[in-house]
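Below: structure-v1.txt (compact mmCIF, C-alpha atoms and all ligand atoms)
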```
# COMPACT_ATOMS: atom_id res chain seq x y z
CA MET A 1 0.00 0.00 0.00
CA ARG A 2 2.80 2.41 1.05
CA LYS A 3 4.70 1.53 -2.12
CA SER A 4 1.72 2.35 -4.33
CA ILE A 5 1.23 5.71 -2.58
CA ILE A 6 4.88 6.57 -3.28
CA VAL A 7 4.54 5.50 -6.94
CA PHE A 8 1.33 7.54 -7.26
CA SER A 9 3.02 10.61 -5.70
CA ILE A 10 5.94 10.37 -8.14
CA PHE A 11 3.46 10.04 -11.01
CA CYS A 12 1.57 13.18 -9.85
CA PHE A 13 4.82 15.10 -9.45
CA ILE A 14 6.01 14.18 -12.93
CA PHE A 15 2.75 15.17 -14.55
CA SER A 16 2.29 18.37 -12.58
CA GLY A 17 3.80 21.56 -14.03
CA SER A 18 6.41 21.54 -11.24
CA PHE A 19 8.38 18.75 -12.92
CA PHE A 20 9.20 20.97 -15.87
CA CYS A 21 11.67 23.66 -14.84
CA LYS A 22 10.79 25.39 -18.13
CA ASN A 23 7.24 25.47 -19.43
CA TYR A 24 8.23 25.72 -23.06
CA ALA A 25 10.46 24.00 -25.54
CA LEU A 26 11.04 24.16 -29.26
CA ALA A 27 8.82 21.58 -30.93
CA HIS A 28 9.52 19.74 -34.17
CA ASN A 29 7.13 22.09 -35.97
CA GLY A 30 9.01 25.20 -34.80
CA GLN A 31 6.31 26.22 -32.32
CA PHE A 32 6.57 26.53 -28.59
CA VAL A 33 5.01 23.62 -26.78
CA GLY A 34 4.32 23.47 -23.10
CA LYS A 35 1.70 23.16 -20.44
CA ARG A 36 -1.84 23.14 -21.68
CA HIS A 37 -3.25 26.36 -20.28
CA VAL A 38 -6.80 25.24 -19.70
CA ALA A 39 -8.03 27.52 -16.94
CA VAL A 40 -10.86 26.45 -14.67
CA GLU A 41 -13.15 29.06 -16.12
CA GLN A 42 -12.53 27.89 -19.70
CA ASP A 43 -15.16 25.85 -21.46
CA PRO A 44 -14.34 22.31 -20.26
CA ASN A 45 -16.06 20.75 -23.29
CA ALA A 46 -14.19 22.78 -25.90
CA LEU A 47 -11.62 20.10 -26.71
CA ASN A 48 -14.35 17.65 -27.73
CA THR A 49 -16.79 20.04 -29.39
CA LYS A 50 -17.11 20.51 -33.14
CA LYS A 51 -16.82 24.13 -34.20
CA VAL A 52 -16.07 26.01 -37.40
CA VAL A 53 -13.33 28.62 -36.96
CA PHE A 54 -13.10 31.33 -39.63
CA LEU A 55 -9.75 33.15 -39.79
CA THR A 56 -8.87 36.01 -42.12
CA GLY A 57 -5.22 36.73 -42.99
CA ALA A 58 -3.98 33.36 -41.69
CA ALA A 59 -1.36 33.07 -44.44
CA GLY A 60 0.45 35.88 -42.63
CA PHE A 61 2.66 35.83 -39.55
CA ILE A 62 0.30 35.95 -36.54
CA GLY A 63 -2.68 34.34 -38.28
CA SER A 64 -0.65 31.29 -39.36
CA ASN A 65 0.78 30.84 -35.86
CA PHE A 66 -2.71 31.08 -34.38
CA LEU A 67 -4.10 28.63 -36.93
CA GLN A 68 -1.38 26.11 -36.06
CA TYR A 69 -1.86 26.60 -32.32
CA MET A 70 -5.63 26.05 -32.57
CA PHE A 71 -5.42 23.24 -35.13
CA ASP A 72 -3.06 21.27 -32.90
CA LYS A 73 -5.05 21.90 -29.73
CA TYR A 74 -8.69 21.51 -30.82
CA GLU A 75 -8.80 18.30 -32.77
CA GLU A 76 -12.53 18.50 -33.43
CA TYR A 77 -12.47 22.01 -34.91
CA HIS A 78 -12.72 22.76 -38.63
CA PHE A 79 -10.77 25.76 -39.97
CA ILE A 80 -11.58 28.04 -42.88
CA VAL A 81 -9.07 30.67 -43.95
CA LEU A 82 -9.64 33.66 -46.21
CA ASP A 83 -6.47 35.33 -47.49
CA VAL A 84 -5.65 37.25 -50.66
CA ILE A 85 -1.90 36.45 -50.27
CA THR A 86 -0.38 39.90 -50.58
CA TYR A 87 3.41 40.36 -50.58
CA ALA A 88 3.16 39.67 -46.79
CA GLY A 89 1.16 36.46 -47.09
CA ASN A 90 2.56 33.08 -48.05
CA ILE A 91 0.63 29.84 -48.39
CA GLU A 92 3.79 28.07 -47.14
CA ASN A 93 3.20 29.78 -43.79
CA ILE A 94 0.47 27.19 -43.32
CA PRO A 95 2.19 23.87 -42.59
CA ASP A 96 1.62 20.99 -45.03
CA TYR A 97 -0.10 18.77 -42.46
CA ILE A 98 -2.75 21.47 -42.00
CA ARG A 99 -3.15 22.23 -45.71
CA ASN A 100 -3.56 18.51 -46.45
CA SER A 101 -6.09 17.95 -43.69
CA ASP A 102 -9.83 17.57 -44.26
CA ARG A 103 -10.28 19.85 -41.23
CA PHE A 104 -8.91 22.76 -43.29
CA GLU A 105 -10.18 24.84 -46.21
CA PHE A 106 -8.39 27.73 -47.86
CA PHE A 107 -10.25 30.45 -49.78
CA TYR A 108 -8.22 32.79 -51.94
CA GLY A 109 -9.95 36.17 -51.81
CA SER A 110 -10.16 39.56 -50.16
CA VAL A 111 -11.93 40.64 -47.00
CA THR A 112 -13.21 43.59 -49.03
CA ASN A 113 -15.36 41.18 -51.08
CA TYR A 114 -18.75 40.89 -49.35
CA GLN A 115 -19.90 37.81 -51.31
CA ILE A 116 -17.04 35.61 -50.16
CA VAL A 117 -16.97 37.01 -46.61
CA GLU A 118 -20.73 36.48 -46.23
CA MET A 119 -20.48 32.92 -47.54
CA LEU A 120 -17.80 32.06 -44.94
CA MET A 121 -19.30 34.02 -42.03
CA LYS A 122 -22.52 32.04 -42.50
CA ARG A 123 -20.66 28.82 -41.60
CA ALA A 124 -18.63 30.19 -38.69
CA ASP A 125 -18.96 29.65 -34.94
CA LEU A 126 -15.76 31.50 -34.01
CA VAL A 127 -14.10 34.26 -36.03
CA VAL A 128 -10.73 35.99 -35.70
CA HIS A 129 -10.08 38.86 -38.11
CA PHE A 130 -6.30 39.25 -38.65
CA ALA A 131 -6.21 40.37 -42.30
CA ALA A 132 -4.63 43.77 -42.75
CA GLU A 133 -1.85 45.72 -44.35
CA SER A 134 0.38 45.63 -41.31
CA HIS A 135 3.67 47.48 -41.76
CA VAL A 136 4.14 51.06 -40.45
CA THR A 137 7.07 51.94 -42.75
CA ARG A 138 5.36 50.60 -45.85
CA SER A 139 2.34 52.80 -45.04
CA ILE A 140 4.68 55.82 -45.02
CA CYS A 141 6.09 54.74 -48.39
CA ASP A 142 2.63 54.21 -49.94
CA ASP A 143 -0.62 54.03 -47.95
CA THR A 144 -3.08 53.37 -50.77
CA THR A 145 -4.12 49.84 -49.86
CA PHE A 146 -4.11 50.35 -46.08
CA PHE A 147 -7.48 52.08 -45.83
CA ASP A 148 -9.15 49.76 -48.29
CA THR A 149 -8.05 46.58 -46.51
CA ASP A 150 -7.89 47.65 -42.88
CA VAL A 151 -10.96 49.91 -42.72
CA MET A 152 -13.22 48.84 -45.58
CA GLY A 153 -12.30 45.17 -45.17
CA THR A 154 -13.26 45.40 -41.50
CA ARG A 155 -16.53 47.10 -42.48
CA VAL A 156 -17.33 44.14 -44.73
CA MET A 157 -16.50 41.71 -41.91
CA MET A 158 -18.76 43.61 -39.49
CA THR A 159 -21.63 43.85 -41.99
CA ALA A 160 -21.51 40.07 -42.46
CA LEU A 161 -21.24 39.58 -38.69
CA VAL A 162 -24.42 41.61 -38.13
CA LYS A 163 -26.24 39.28 -40.54
CA TYR A 164 -25.07 36.17 -38.67
CA ALA A 165 -24.83 37.61 -35.13
CA LYS A 166 -27.12 34.88 -33.77
CA LYS A 167 -25.04 32.07 -35.31
CA VAL A 168 -21.51 33.38 -34.70
CA GLN A 169 -20.64 32.83 -31.03
CA ARG A 170 -17.51 35.01 -30.74
CA PHE A 171 -15.70 37.41 -33.05
CA ILE A 172 -12.26 38.86 -32.25
CA HIS A 173 -11.11 41.95 -34.10
CA ILE A 174 -7.30 42.18 -34.13
CA SER A 175 -6.43 45.83 -33.66
CA THR A 176 -2.96 47.02 -32.57
CA SER A 177 -1.18 49.03 -29.88
CA GLU A 178 -0.08 51.34 -32.74
CA VAL A 179 -3.51 53.02 -32.58
CA LEU A 180 -2.47 54.54 -29.23
CA GLY A 181 0.60 56.48 -30.41
CA THR A 182 3.34 57.35 -27.92
CA ALA A 183 2.60 56.59 -24.25
CA GLU A 184 0.91 59.55 -22.54
CA SER A 185 0.52 57.61 -19.32
CA GLU A 186 2.15 54.36 -18.24
CA PRO A 187 1.48 51.54 -18.40
CA MET A 188 -0.86 52.04 -21.35
CA ASP A 189 -4.27 50.73 -20.34
CA GLU A 190 -7.45 50.32 -22.36
CA ASP A 191 -8.51 53.92 -21.58
CA HIS A 192 -5.36 55.41 -23.09
CA PRO A 193 -6.22 58.02 -25.77
CA ILE A 194 -6.09 56.94 -29.40
CA ASN A 195 -3.44 59.04 -31.20
CA PRO A 196 -2.29 57.16 -34.33
CA ARG A 197 1.02 58.50 -35.64
CA SER A 198 1.32 56.72 -39.04
CA PRO A 199 -1.08 55.97 -41.89
CA TYR A 200 -1.05 52.29 -40.82
CA ALA A 201 -1.96 53.24 -37.25
CA ALA A 202 -4.68 55.61 -38.54
CA ALA A 203 -6.20 52.88 -40.71
CA LYS A 204 -6.16 50.45 -37.78
CA ALA A 205 -7.62 53.13 -35.48
CA GLY A 206 -10.44 53.59 -38.01
CA ALA A 207 -11.11 49.86 -37.96
CA ASP A 208 -10.87 49.68 -34.16
CA ARG A 209 -13.46 52.44 -33.68
CA LEU A 210 -15.63 51.03 -36.48
CA VAL A 211 -15.85 47.73 -34.58
CA TYR A 212 -16.65 49.67 -31.40
CA SER A 213 -19.50 51.42 -33.21
CA TYR A 214 -20.87 48.01 -34.20
CA PHE A 215 -20.79 47.00 -30.51
CA CYS A 216 -22.98 50.00 -29.72
CA THR A 217 -25.26 49.96 -32.73
CA TYR A 218 -25.77 46.26 -33.40
CA ASP A 219 -24.77 44.48 -30.18
CA VAL A 220 -22.51 42.09 -32.10
CA PRO A 221 -20.79 39.27 -30.12
CA ALA A 222 -17.35 40.82 -30.53
CA VAL A 223 -14.18 41.80 -28.69
CA ILE A 224 -11.29 44.10 -29.70
CA VAL A 225 -7.73 42.95 -29.00
CA ARG A 226 -4.78 45.34 -29.25
CA PRO A 227 -1.59 43.28 -29.32
CA PHE A 228 1.71 45.03 -28.60
CA ASN A 229 4.77 44.31 -30.78
CA ASN A 230 4.72 40.64 -31.72
CA TYR A 231 7.65 38.53 -32.83
CA GLY A 232 8.03 34.83 -33.56
CA PRO A 233 8.44 32.26 -36.33
CA ARG A 234 7.40 33.18 -39.89
CA GLN A 235 7.44 36.94 -39.32
CA HIS A 236 8.09 38.97 -42.47
CA LEU A 237 11.65 40.26 -42.84
CA GLU A 238 10.43 43.87 -42.98
CA LYS A 239 9.58 43.70 -39.23
CA VAL A 240 12.44 44.71 -36.97
CA ILE A 241 13.28 41.53 -35.03
CA ALA A 242 13.07 39.34 -38.15
CA ARG A 243 15.15 41.94 -40.03
CA PHE A 244 17.84 42.03 -37.32
CA ILE A 245 18.10 38.25 -37.08
CA SER A 246 18.13 37.67 -40.85
CA SER A 247 20.69 40.50 -41.29
CA ALA A 248 22.94 38.95 -38.63
CA ILE A 249 22.71 35.55 -40.35
CA GLN A 250 23.59 37.19 -43.67
CA LYS A 251 26.34 39.28 -41.98
CA LYS A 252 24.67 42.50 -43.18
CA PRO A 253 24.43 45.74 -41.12
CA LEU A 254 21.57 46.06 -38.59
CA THR A 255 20.05 49.43 -39.47
CA ILE A 256 18.50 51.43 -36.64
CA HIS A 257 16.11 54.35 -37.04
CA GLY A 258 17.18 57.47 -35.13
CA ASP A 259 19.00 56.84 -31.84
CA GLY A 260 17.49 53.38 -31.27
CA MET A 261 16.14 54.42 -27.87
CA GLN A 262 12.52 53.92 -28.98
CA GLU A 263 11.02 51.39 -26.58
CA ARG A 264 8.47 48.73 -27.39
CA ASP A 265 6.63 46.07 -25.43
CA TRP A 266 7.67 42.79 -27.11
CA LEU A 267 5.32 39.83 -27.03
CA HIS A 268 6.04 36.36 -28.38
CA THR A 269 3.26 35.41 -30.76
CA TYR A 270 2.67 32.14 -28.85
CA ASP A 271 1.64 34.22 -25.84
CA LEU A 272 -0.81 36.16 -28.02
CA CYS A 273 -2.24 32.85 -29.28
CA ARG A 274 -2.86 31.82 -25.67
CA ALA A 275 -4.69 35.09 -24.96
CA LEU A 276 -6.92 34.72 -28.05
CA ASP A 277 -7.64 31.12 -27.11
CA ARG A 278 -8.86 32.33 -23.71
CA ILE A 279 -11.18 34.90 -25.27
CA LEU A 280 -12.66 32.21 -27.51
CA HIS A 281 -13.07 29.67 -24.71
CA ILE A 282 -13.76 31.36 -21.39
CA GLU A 283 -17.15 29.96 -20.52
CA ASP A 284 -18.96 33.16 -19.54
CA PHE A 285 -18.63 35.40 -22.61
CA SER A 286 -20.89 38.09 -21.11
CA LYS A 287 -17.88 39.37 -19.10
CA LEU A 288 -15.78 39.74 -22.25
CA LYS A 289 -18.28 40.89 -24.86
CA HIS A 290 -17.61 44.44 -26.13
CA GLN A 291 -14.38 44.71 -24.13
CA VAL A 292 -11.06 46.01 -25.44
CA PHE A 293 -7.96 44.10 -24.29
CA HIS A 294 -4.34 45.23 -24.38
CA ILE A 295 -2.14 42.18 -24.80
CA GLY A 296 1.49 42.84 -23.97
CA SER A 297 4.25 41.74 -21.63
CA GLY A 298 4.36 44.95 -19.57
CA VAL A 299 8.14 45.13 -20.13
CA PRO A 300 9.63 47.85 -22.39
CA THR A 301 12.91 47.19 -24.26
CA SER A 302 14.67 49.56 -26.67
CA ILE A 303 15.34 48.74 -30.32
CA LEU A 304 19.07 49.31 -29.68
CA GLN A 305 19.02 46.71 -26.90
CA ILE A 306 17.35 44.19 -29.22
CA ALA A 307 20.04 44.81 -31.87
CA LYS A 308 22.82 44.32 -29.30
CA THR A 309 21.24 41.11 -27.97
CA VAL A 310 20.94 39.68 -31.51
CA LEU A 311 24.57 40.55 -32.31
CA GLN A 312 25.75 38.93 -29.07
CA ALA A 313 23.89 35.75 -29.95
CA PHE A 314 25.82 35.61 -33.24
CA ASP A 315 29.12 36.66 -31.68
CA LEU A 316 29.21 39.71 -33.94
CA PRO A 317 30.67 43.10 -32.88
CA GLU A 318 28.49 46.19 -32.34
CA GLU A 319 30.08 47.73 -35.45
CA TYR A 320 27.35 45.88 -37.35
CA ILE A 321 24.89 48.50 -36.07
CA THR A 322 24.27 51.36 -38.55
CA PHE A 323 22.22 54.38 -37.49
CA ILE A 324 19.99 55.97 -40.15
CA GLY A 325 17.47 58.85 -40.08
CA ASP A 326 14.51 58.43 -37.76
CA ARG A 327 11.17 57.25 -39.08
CA PRO A 328 8.67 60.13 -39.45
CA GLY A 329 5.90 59.90 -36.88
CA GLN A 330 8.04 57.63 -34.69
CA VAL A 331 6.43 56.26 -31.52
CA ARG A 332 8.92 56.81 -28.66
CA ARG A 333 7.59 54.44 -26.05
CA HIS A 334 5.05 51.67 -25.69
CA ILE A 335 4.35 49.67 -22.57
CA SER A 336 1.19 47.68 -22.06
CA SER A 337 -0.89 47.51 -18.94
CA THR A 338 -1.40 43.83 -18.15
CA LYS A 339 -4.10 44.30 -15.51
CA LYS A 340 -7.30 43.86 -17.48
CA ALA A 341 -6.04 40.80 -19.38
CA CYS A 342 -4.94 39.30 -16.07
CA ASP A 343 -8.20 40.12 -14.25
CA LEU A 344 -10.67 39.08 -16.96
CA LEU A 345 -8.72 36.46 -18.94
CA GLY A 346 -6.43 35.07 -16.26
CA TRP A 347 -3.68 35.68 -18.82
CA LYS A 348 -0.17 37.03 -18.64
CA ALA A 349 2.81 36.70 -20.95
CA GLU A 350 4.94 33.71 -20.02
CA ILE A 351 7.76 33.77 -22.57
CA SER A 352 10.53 36.20 -21.58
CA LEU A 353 12.15 38.26 -24.32
CA LYS A 354 15.43 36.41 -23.67
CA GLU A 355 13.84 33.00 -24.14
CA GLY A 356 11.68 34.13 -27.07
CA LEU A 357 14.61 35.70 -28.90
CA GLN A 358 16.73 32.56 -28.49
CA HIS A 359 13.89 30.49 -29.90
CA ASN A 360 13.37 32.93 -32.75
CA ILE A 361 17.06 32.99 -33.67
CA GLU A 362 17.03 29.19 -33.83
CA TRP A 363 13.96 29.31 -36.05
CA TYR A 364 15.50 31.73 -38.55
CA LYS A 365 18.76 29.74 -38.55
CA ASN A 366 16.86 26.52 -39.27
CA ASN A 367 14.59 27.99 -41.96
CA GLN A 368 16.92 30.05 -44.09
CA SER A 369 15.72 28.55 -47.38
CA TYR A 370 12.19 29.70 -46.52
CA TRP A 371 12.93 33.35 -45.71
CA GLU A 372 15.90 34.02 -48.01
CA LYS A 373 13.45 34.37 -50.91
CA MET A 374 12.10 37.50 -49.15
CA SER A 375 15.46 39.19 -48.69
CA HIS A 376 14.61 41.81 -51.32
CA MET A 377 11.77 42.99 -49.02
CA GLN A 378 13.90 43.55 -45.89
CA TYR A 379 13.94 47.32 -46.48
CA VAL A 380 11.37 49.93 -47.52
CA PRO A 381 12.48 53.27 -49.10
CA ILE A 382 11.10 56.35 -47.29
CA TYR A 383 11.95 60.00 -46.83
CA THR A 384 13.03 60.46 -43.23
CA ASN A 385 12.75 63.53 -40.97
CA ASP A 386 15.79 65.24 -42.49
CA ALA A 387 14.33 64.76 -46.02
CA THR A 388 16.84 62.12 -47.12
CA LEU A 389 15.70 58.96 -48.84
CA ASP A 390 16.68 56.02 -46.63
CA LEU A 391 16.07 52.30 -46.81
CA HIS A 392 14.15 51.53 -43.62
N1 LIG B 401 2.95 41.91 -36.12
C1 LIG B 401 2.70 42.66 -35.05
O1 LIG B 401 3.60 42.98 -34.27
C2 LIG B 401 1.30 43.14 -34.78
C3 LIG B 401 1.06 43.80 -33.57
C4 LIG B 401 -0.23 44.22 -33.29
C5 LIG B 401 -1.25 43.96 -34.17
N2 LIG B 401 -1.01 43.32 -35.35
C6 LIG B 401 -2.14 43.06 -36.22
O2 LIG B 401 -2.26 41.65 -36.33
C7 LIG B 401 -2.78 41.29 -37.60
C8 LIG B 401 -1.85 40.30 -38.27
O3 LIG B 401 -0.55 40.90 -38.32
P1 LIG B 401 0.66 40.14 -39.02
O4 LIG B 401 1.89 40.72 -38.46
O5 LIG B 401 0.42 38.69 -38.98
O6 LIG B 401 0.49 40.67 -40.52
P2 LIG B 401 1.04 40.07 -41.88
O7 LIG B 401 1.29 41.26 -42.74
O8 LIG B 401 2.15 39.12 -41.63
O9 LIG B 401 -0.18 39.24 -42.46
C9 LIG B 401 -1.33 39.83 -42.96
C10 LIG B 401 -2.09 38.79 -43.76
O10 LIG B 401 -3.30 39.40 -44.23
C11 LIG B 401 -3.46 39.07 -45.60
N3 LIG B 401 -4.25 40.10 -46.26
C12 LIG B 401 -3.88 41.37 -46.56
N4 LIG B 401 -4.85 42.02 -47.20
C13 LIG B 401 -5.89 41.14 -47.31
C14 LIG B 401 -7.18 41.20 -47.85
N5 LIG B 401 -7.64 42.32 -48.44
N6 LIG B 401 -7.97 40.13 -47.78
C15 LIG B 401 -7.54 38.98 -47.19
N7 LIG B 401 -6.31 38.85 -46.66
C16 LIG B 401 -5.50 39.91 -46.72
C17 LIG B 401 -2.05 38.97 -46.13
O11 LIG B 401 -1.98 38.25 -47.36
C18 LIG B 401 -1.34 38.29 -44.99
O12 LIG B 401 -1.45 36.90 -45.10
C19 LIG B 401 -2.95 42.59 -38.36
O13 LIG B 401 -4.30 42.99 -38.23
C20 LIG B 401 -2.03 43.55 -37.64
O14 LIG B 401 -2.48 44.89 -37.79
C21 LIG B 401 0.25 42.91 -35.67
```

Once you've parsed the file, please lay out its structure as structure tokens.
Amino acid sequence: MRKSIIVFSIFCFIFSGSFFCKNYALAHNGQFVGKRHVAVEQDPNALNTKKVVFLTGAAGFIGSNFLQYMFDKYEEYHFIVLDVITYAGNIENIPDYIRNSDRFEFFYGSVTNYQIVEMLMKRADLVVHFAAESHVTRSICDDTTFFDTDVMGTRVMMTALVKYAKKVQRFIHISTSEVLGTAESEPMDEDHPINPRSPYAAAKAGADRLVYSYFCTYDVPAVIVRPFNNYGPRQHLEKVIARFISSAIQKKPLTIHGDGMQERDWLHTYDLCRALDRILHIEDFSKLKHQVFHIGSGVPTSILQIAKTVLQAFDLPEEYITFIGDRPGQVRRHISSTKKACDLLGWKAEISLKEGLQHNIEWYKNNQSYWEKMSHMQYVPIYTNDATLDLH
């Protein structure tokens, strides 16, 4: 009897989180894997329930990571993706085992097309709207498509949601911390003023407030999420962490806008996936409906510090850093409040920047043939504050 109690105790210890000194590890598919974060208040039946999940923009960076996270976790769910595969999208971002599965359907098309959006919304139980033009610098270079996709595309999504508001259980609109502009108070909570400082941020602010207006006017079952700066596998080389890592691998200079002291709140995309999962599965949706959530780590780190950390990881000297003119409309500082997400979602970021960067560096080292094809898009030409044309 005593022996079996000891064996049982060892078994419990091994399978409790305490056995793992680290929660996360690099999985064969390049994703973080770790403890299943099924909180008590989450829908206990979700894992065995059949649902149709409609994702827009899931051939992009965050959407594809979220698709993979959900596909692996909810084995009964069926996934439909709508993506028009812009320069930032890539069907190869969706792993083969998902593309070949009968639980997955891909629709090539734009969120600005009501016919296709309506057809897919009709089938959906859960919706996450990621599709957008998403790069600040590119919006300074040429903002023509930003308003069409980010604002008008969101209008189409909301119009279709109104039609199927009784069928769709939850809709998450992916906004961004960029809508807030530079921190006026810290940490930046959900009541922070909206002061977009780039055409991208303005387009996303338009979409963010459009969704809010649909809360008020049509009582749609929706939530707004404003993620802070995400990084992780499959991020486009135009985004700063992916650009630094790929430049270091290629032994090219790491270009920094201005003095590099701009601070951002960096969030590993796996942590964002966990937060979105909670919003979709917390049992009592009435507490979440019509809320805005800031999803960030609560820790600010400068761009210069990120560049130095990346160079250290590659054993390269700081001479690889090249300072160029600052980006017009630069945001000086971003730091997310974590209180509301913690109180209502029971969520906080769990992957430290150190751990996340190490993982990301490994990913870019191991997937060079995938991202090298995008090297010509690492930089965007813009006129900077001193009126010189720089590659940003
Ligand atoms: N990356 C970040 O740090 C970050 C931070 C906060 C918020 N966001 C937001 O998260 C979302 C996803 O960001 P990301 O970094 O994965 O972007 P991304 O640029 O990597 O991917 C965007 C995806 O949307 C698709 N798309 C673009 N226009 C479309 C259209 N008209 N119809 C259908 N699909 C279209 C693209 O083909 C691409 O697959 C965006 O809404 C972005 O504003 C991103």

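Remark: residues at most 10 Å from position (-1.1, 33.4, -17.3) in file coordinates are His37, Ala39, Asp271, Arg274, Ala275, Ala341, Cys342, Leu345, Gly346, Trp347, Lys348, Ala349 and Glu350 of chain A, using all atoms listed in the file.
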
Give me, as a short mmCIF file (atom, residue, chain, number, x, y, z; two decimals) with C-alpha atoms, keeping the file's coordinate frame, the set of residues whose atoms come within 7 Å of any atom of ligand LIG 401 (chain B), counting all atoms listed in the file.
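Final output, saved to pocket-v6.cif:
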```cif
data_model
loop_
_atom_site.label_atom_id
_atom_site.label_comp_id
_atom_site.auth_asym_id
_atom_site.auth_seq_id
_atom_site.Cartn_x
_atom_site.Cartn_y
_atom_site.Cartn_z
CA THR A 56 -8.87 36.01 -42.12
CA GLY A 57 -5.22 36.73 -42.99
CA ALA A 58 -3.98 33.36 -41.69
CA ALA A 59 -1.36 33.07 -44.44
CA GLY A 60 0.45 35.88 -42.63
CA PHE A 61 2.66 35.83 -39.55
CA ILE A 62 0.30 35.95 -36.54
CA GLY A 63 -2.68 34.34 -38.28
CA LEU A 82 -9.64 33.66 -46.21
CA ASP A 83 -6.47 35.33 -47.49
CA VAL A 84 -5.65 37.25 -50.66
CA ILE A 85 -1.90 36.45 -50.27
CA THR A 86 -0.38 39.90 -50.58
CA TYR A 87 3.41 40.36 -50.58
CA ALA A 88 3.16 39.67 -46.79
CA GLY A 89 1.16 36.46 -47.09
CA ASN A 90 2.56 33.08 -48.05
CA GLY A 109 -9.95 36.17 -51.81
CA SER A 110 -10.16 39.56 -50.16
CA VAL A 111 -11.93 40.64 -47.00
CA THR A 112 -13.21 43.59 -49.03
CA PHE A 130 -6.30 39.25 -38.65
CA ALA A 131 -6.21 40.37 -42.30
CA ALA A 132 -4.63 43.77 -42.75
CA GLU A 133 -1.85 45.72 -44.35
CA SER A 134 0.38 45.63 -41.31
CA HIS A 135 3.67 47.48 -41.76
CA THR A 149 -8.05 46.58 -46.51
CA GLY A 153 -12.30 45.17 -45.17
CA ILE A 174 -7.30 42.18 -34.13
CA SER A 175 -6.43 45.83 -33.66
CA THR A 176 -2.96 47.02 -32.57
CA SER A 177 -1.18 49.03 -29.88
CA LYS A 204 -6.16 50.45 -37.78
CA ARG A 226 -4.78 45.34 -29.25
CA PRO A 227 -1.59 43.28 -29.32
CA PHE A 228 1.71 45.03 -28.60
CA ASN A 229 4.77 44.31 -30.78
CA ASN A 230 4.72 40.64 -31.72
CA TYR A 231 7.65 38.53 -32.83
CA GLN A 235 7.44 36.94 -39.32
CA HIS A 236 8.09 38.97 -42.47
#
```

#### Entry: Minimum-distance residue to A:Asp219, chosen among A:Ser369, A:Ser286, A:Gln358, A:Gln42 (using only C-alpha atoms)
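So, comparing all the options, the nearest one is A:Ser286.
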
Would you kindly return, as a tab-separated table (two decimals) with C-alpha atoms, keeping the file's coordinate frame, each protein, DNA or RNA residue with an atom no farther than 9 Å from any atom of stretch 99-108 of chain A, considering all atoms listed in the file and excluding same-chain residues fewer than 5 positions away?
```tsv
chain	number	residue	atom	x	y	z
A	71	PHE	CA	-5.42	23.24	-35.13
A	75	GLU	CA	-8.80	18.30	-32.77
A	76	GLU	CA	-12.53	18.50	-33.43
A	77	TYR	CA	-12.47	22.01	-34.91
A	78	HIS	CA	-12.72	22.76	-38.63
A	79	PHE	CA	-10.77	25.76	-39.97
A	80	ILE	CA	-11.58	28.04	-42.88
A	81	VAL	CA	-9.07	30.67	-43.95
A	82	LEU	CA	-9.64	33.66	-46.21
A	83	ASP	CA	-6.47	35.33	-47.49
A	84	VAL	CA	-5.65	37.25	-50.66
A	85	ILE	CA	-1.90	36.45	-50.27
A	91	ILE	CA	0.63	29.84	-48.39
A	94	ILE	CA	0.47	27.19	-43.32
A	116	ILE	CA	-17.04	35.61	-50.16
```

If the box runs along x, y and z of the file and leaves 8 Å on each side of stretch 59-71 of chain A, what are its centre and edge lengths in Å, one decimal, as lines of an AutoDock Vina configuration file?
```
center_x = -1.5
center_y = 29.6
center_z = -38.4
size_x = 24.3
size_y = 28.7
size_z = 28.1
```

### Message
At a cut-off of 7 Å, using all atoms listed in the file, what residues contact A:Tyr69? Leave out same-chain residues fewer than 4 positions from it and give the result as an MDAnalysis selection string.
### Response
chainID A and resid 65 73 273

### Task
Have a look at atom CA of A:Tyr97 and atom CA of A:Tyr74 and let me know their distance in Å, one decimal.
14.7 Å

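Of the residues listed (A:Thr49, A:Phe314, A:Ala203, A:Thr159), A:Thr49 shows the shortest atom-to-atom separation from A:Asp125; distances use all atoms listed in the file.
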
Residues of stretch 186-205 of chain A that approach stretch 324-336 of chain A to 8 Å or less, counting only C-alpha atoms: could you list each one with the shortest pair of atoms and its distance in Å to one decimal, rows by chain and increasing residue number, as a Markdown table?
```
| residue | atom | partner | partner_atom | distance |
| --- | --- | --- | --- | --- |
| A:Glu186 | CA | A:Ile335 | CA | 6.8 |
| A:Pro187 | CA | A:Ser336 | CA | 5.3 |
| A:Met188 | CA | A:Ser336 | CA | 4.9 |
| A:Asp189 | CA | A:Ser336 | CA | 6.5 |
| A:Arg197 | CA | A:Gly329 | CA | 5.2 |
| A:Ser198 | CA | A:Gly329 | CA | 6.0 |
```

### Query
With only C-alpha atoms as the basis for distance, which of A:Leu344, A:Met119, A:Val136, A:Leu276 is at the shortest distance from A:Val179?
A:Val136

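With distances taken over all atoms listed in the file, A:Lys167 is the one residue among A:Lys167, A:Gly298, A:Cys141, A:Ala307 lying closest to A:Lys51.
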
### Task
Work out how far apart atom CA of A:Pro221 and atom CA of A:Leu55 are and give it in Å to one decimal.
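If I compute the distance from atom CA of A:Pro221 to atom CA of A:Leu55, I get 15.9 Å.
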
### Task
Give the answer as one residue: which of A:Ser246, A:Gln262, A:Asn45, A:Asn93 has the shortest atom-to-atom distance to A:Ile361, using only C-alpha atoms?
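That would be A:Ser246, the residue with the smallest distance to A:Ile361.
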